[in-house]
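J.: Take a look at the following structure, please.
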Amino acid sequence: MSILSVKQVSKTYQSGSRKLTVLDEVNFDIQAGDTIAIVGPSGSGKTTLLGLCAGLDSASTGSVSLNGQSMENLSEDQRADIRSKFVGFIFQNFQLLPTLTALENVMVPLELKKRKDAKQKALELLTKVGLGNRATHYPTQLSGGEQQRVSIARAFANEPKILFADEPTGNLDTETGEMIEKLIFDLNKEQGTTLVLVTHDLELAKKTNRIIHIKGGKIQEDTYA
């Protein structure tokens, strides 16, 4: 079963008097449980594509279906509801709420679902990523690697069917990046989540079972391991 289906998707922006095409009739399907890397040079449309797939933005033309639900005619509130039920997201710049502790950041998606065990579940996840003893620390009190581990715990908190990761190791040193990579793949395997990575790092991409190469807004190559 396809958990994500992208059909003839284009994204254009108006730049002054000219139209800028960021994505140009992109097509692919992703099966549940797959691990995918989307690679390409800066400005190729990778992050734009990821945002469309996750329902963070709408395509100019074409359609995106997530977990069997077509996204193009939904309101922002409806797309947000689908994201809260099925999607996890890991950002390059972590996107933690600075006024909340590590524990409270991980609790956010659980509390949105009104989970009575939100605190206990969040602490279990923080312990799993090696930060059980840092639960009461705020983002500014954590290193970059620790902040990314908090964001990973938060992404897995609602047990997403599909996890999107945008350059998850881009702001980290090599050693920390390798640890984060292992954590993502280990948790992904444990939960049976579909993983879609955007990365410049071909070594990271090779750890997935499918690589989609994008350039100039078009898919140039789509290969399976």
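Just remember, in the structure tokens the first chain shown is A, the second B, etc., residues are 1-based per chain, and ligands are 1-based in the order shown.
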Apply DSSP to the structure's backbone, then extract all residues of segment 2-209 of chain A labelled helix (DSSP H, G or I) and return them as a ChimeraX atom specification.

T.: /A:46-53,76-86,102-112,118-128,132-134,139-141,144-157,174-191,202-205

J.: Where in segment 17-220 of chain A does DSSP assign strand (DSSP E or B), given as a PyMOL selection string?

T.: chain A and resi 18-31+35-39+61-66+69-70+87-90+162-166+194-199+210-215+218-220

J.: Go ahead and save the picked residues with N, CA and C atoms, as a compact mmCIF listing (two decimals), in the first residue's frame.

T.:
# COMPACT_ATOMS: atom_id res chain seq x y z
N ARG A 18 8.11 37.67 -13.17
CA ARG A 18 8.34 36.33 -13.72
C ARG A 18 7.90 35.24 -12.76
N LYS A 19 7.60 34.10 -13.36
CA LYS A 19 7.16 32.95 -12.58
C LYS A 19 8.36 32.02 -12.36
N LEU A 20 8.56 31.64 -11.10
CA LEU A 20 9.68 30.78 -10.73
C LEU A 20 9.14 29.37 -10.45
N THR A 21 9.60 28.39 -11.23
CA THR A 21 9.17 27.01 -11.04
C THR A 21 10.19 26.29 -10.17
N VAL A 22 9.76 25.89 -8.97
CA VAL A 22 10.64 25.21 -8.02
C VAL A 22 10.54 23.70 -8.19
N LEU A 23 9.34 23.20 -8.45
CA LEU A 23 9.12 21.78 -8.73
C LEU A 23 8.32 21.66 -10.03
N ASP A 24 8.68 20.68 -10.86
CA ASP A 24 8.10 20.57 -12.19
C ASP A 24 7.61 19.15 -12.47
N GLU A 25 6.31 18.93 -12.25
CA GLU A 25 5.64 17.66 -12.54
C GLU A 25 6.39 16.44 -11.96
N VAL A 26 6.49 16.44 -10.65
CA VAL A 26 7.17 15.36 -9.92
C VAL A 26 6.19 14.22 -9.65
N ASN A 27 6.63 12.99 -9.86
CA ASN A 27 5.81 11.80 -9.64
C ASN A 27 6.58 10.74 -8.87
N PHE A 28 6.00 10.20 -7.81
CA PHE A 28 6.52 8.99 -7.18
C PHE A 28 5.51 8.47 -6.15
N ASP A 29 5.65 7.21 -5.79
CA ASP A 29 4.86 6.59 -4.73
C ASP A 29 5.81 5.98 -3.72
N ILE A 30 5.44 6.04 -2.45
CA ILE A 30 6.24 5.45 -1.38
C ILE A 30 5.38 4.44 -0.64
N GLN A 31 5.93 3.25 -0.47
CA GLN A 31 5.21 2.18 0.22
C GLN A 31 5.45 2.25 1.73
N THR A 35 12.31 3.20 3.45
CA THR A 35 13.20 4.29 3.85
C THR A 35 13.72 4.94 2.56
N ILE A 36 13.49 6.24 2.43
CA ILE A 36 13.77 6.97 1.19
C ILE A 36 14.66 8.16 1.50
N ALA A 37 15.61 8.44 0.61
CA ALA A 37 16.39 9.67 0.67
C ALA A 37 16.11 10.50 -0.57
N ILE A 38 15.84 11.77 -0.38
CA ILE A 38 15.71 12.72 -1.49
C ILE A 38 16.97 13.57 -1.49
N VAL A 39 17.76 13.47 -2.56
CA VAL A 39 19.04 14.15 -2.62
C VAL A 39 19.08 15.08 -3.83
N THR A 61 0.04 22.76 -8.80
CA THR A 61 -0.74 21.81 -9.60
C THR A 61 -0.35 20.39 -9.17
N GLY A 62 -1.21 19.43 -9.51
CA GLY A 62 -0.94 18.05 -9.14
C GLY A 62 -1.56 17.70 -7.79
N SER A 63 -1.28 16.48 -7.33
CA SER A 63 -1.91 16.02 -6.09
C SER A 63 -0.93 15.25 -5.21
N VAL A 64 -1.13 15.38 -3.92
CA VAL A 64 -0.38 14.63 -2.90
C VAL A 64 -1.39 13.90 -2.03
N SER A 65 -1.22 12.59 -1.91
CA SER A 65 -2.08 11.80 -1.01
C SER A 65 -1.22 11.22 0.10
N LEU A 66 -1.64 11.42 1.34
CA LEU A 66 -0.90 10.95 2.50
C LEU A 66 -1.79 9.99 3.29
N GLN A 69 -5.27 9.86 2.04
CA GLN A 69 -6.05 11.10 2.08
C GLN A 69 -5.45 12.12 1.12
N SER A 70 -6.25 12.54 0.12
CA SER A 70 -5.80 13.58 -0.81
C SER A 70 -5.72 14.91 -0.08
N VAL A 87 2.03 11.98 11.08
CA VAL A 87 3.31 12.50 10.61
C VAL A 87 4.23 12.91 11.76
N GLY A 88 5.51 12.58 11.62
CA GLY A 88 6.56 13.11 12.48
C GLY A 88 7.50 13.95 11.63
N PHE A 89 8.13 14.97 12.21
CA PHE A 89 9.01 15.83 11.42
C PHE A 89 10.25 16.18 12.23
N ILE A 90 11.42 15.99 11.62
CA ILE A 90 12.69 16.38 12.25
C ILE A 90 13.32 17.46 11.38
N ILE A 162 4.57 7.99 9.14
CA ILE A 162 5.62 8.45 8.23
C ILE A 162 6.41 9.57 8.91
N LEU A 163 7.72 9.50 8.80
CA LEU A 163 8.61 10.48 9.42
C LEU A 163 9.38 11.21 8.32
N PHE A 164 9.29 12.54 8.33
CA PHE A 164 10.04 13.37 7.39
C PHE A 164 11.21 14.01 8.15
N ALA A 165 12.39 13.94 7.57
CA ALA A 165 13.57 14.52 8.21
C ALA A 165 14.30 15.41 7.21
N ASP A 166 14.40 16.70 7.52
CA ASP A 166 15.02 17.67 6.62
C ASP A 166 16.44 17.96 7.10
N THR A 194 7.59 4.67 8.15
CA THR A 194 8.14 5.02 6.84
C THR A 194 9.03 6.26 7.03
N LEU A 195 10.22 6.25 6.45
CA LEU A 195 11.17 7.35 6.64
C LEU A 195 11.49 8.02 5.32
N VAL A 196 11.33 9.34 5.28
CA VAL A 196 11.69 10.14 4.10
C VAL A 196 12.68 11.21 4.54
N LEU A 197 13.92 11.09 4.06
CA LEU A 197 15.01 12.00 4.42
C LEU A 197 15.33 12.94 3.27
N VAL A 198 15.56 14.20 3.57
CA VAL A 198 16.19 15.11 2.61
C VAL A 198 17.61 15.34 3.09
N THR A 199 18.58 15.14 2.21
CA THR A 199 19.97 15.29 2.64
C THR A 199 20.90 15.62 1.48
N ARG A 210 16.08 3.41 -0.87
CA ARG A 210 15.71 4.05 -2.15
C ARG A 210 16.22 5.47 -2.15
N ILE A 211 16.80 5.91 -3.27
CA ILE A 211 17.31 7.28 -3.38
C ILE A 211 16.65 7.95 -4.59
N ILE A 212 16.02 9.11 -4.33
CA ILE A 212 15.43 9.92 -5.39
C ILE A 212 16.32 11.14 -5.59
N HIS A 213 16.92 11.25 -6.78
CA HIS A 213 17.78 12.39 -7.12
C HIS A 213 16.93 13.46 -7.80
N ILE A 214 17.00 14.69 -7.26
CA ILE A 214 16.23 15.78 -7.84
C ILE A 214 17.15 16.93 -8.22
N LYS A 215 16.91 17.53 -9.36
CA LYS A 215 17.72 18.64 -9.84
C LYS A 215 16.85 19.55 -10.69
N LYS A 218 13.11 18.69 -11.00
CA LYS A 218 12.68 17.46 -11.66
C LYS A 218 13.42 16.26 -11.08
N ILE A 219 12.77 15.11 -11.08
CA ILE A 219 13.44 13.88 -10.67
C ILE A 219 14.35 13.43 -11.81
N GLN A 220 15.64 13.30 -11.51
CA GLN A 220 16.62 12.88 -12.50
C GLN A 220 16.85 11.37 -12.46

J.: Just checking: using only C-alpha atoms, which residue out of A:Gly144, A:Gly55, A:Pro109, A:Gly45 ends up closest to Asn67 of chain A?

T.: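 Of the candidates, the smallest distance to Asn67 of chain A is held by A:Gly55.
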
J.: Suppose you want the space between atom CA of Leu112 of chain A and atom CA of Leu56 of chain A; what is it in Å?

T.: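 It comes out at 17.8 Å.
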
J.: For atom CA of Leu123 of chain A and atom CA of Met107 of chain A, quote the distance in Å rounded to one decimal.

T.: 8.6 Å

J.: Counting only C-alpha atoms, which residue out of A:Arg149, A:His200, A:Lys128, A:Arg154 sits closest to Thr176 of chain A?

T.: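 Smallest distance to Thr176 of chain A is found for A:Arg149.
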
J.: Quick one: everything within 9 Å of Pro160 of chain A, counting only C-alpha atoms, minus sequence neighbours fewer than 5 positions away in the same chain. Send it as a VMD selection string.

T.: chain A and resid 83 to 88 155 191 193 to 194

J.: Write the residues of the preceding selection, restricted to C-alpha atoms, as a CSV table (one decimal), in the first residue's frame.

T.:
chain,number,residue,atom,x,y,z
A,83,ARG,CA,-0.1,15.7,10.5
A,84,SER,CA,-0.9,15.3,14.1
A,85,LYS,CA,-2.3,11.8,13.5
A,86,PHE,CA,0.2,10.3,11.0
A,87,VAL,CA,3.3,12.5,10.6
A,88,GLY,CA,6.6,13.1,12.5
A,155,ALA,CA,8.9,13.3,16.3
A,191,GLN,CA,8.3,1.5,15.3
A,193,THR,CA,7.7,3.9,10.5
A,194,THR,CA,8.1,5.0,6.8

J.: May I ask which of the residues A:Asn158, A:Ser60, A:Leu74, A:Thr223 is the closest one to Thr12 of chain A, counting only C-alpha atoms?

T.: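 Closest to Thr12 of chain A of all the choices is A:Ser60.
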
J.: Write out as a PyMOL selection string each polymer residue whose atoms come within 12 Å of Asn133 of chain A, counting only C-alpha atoms; drop sequence neighbours fewer than 6 positions from it.

T.: chain A and resi 102-103+123-127+142+146
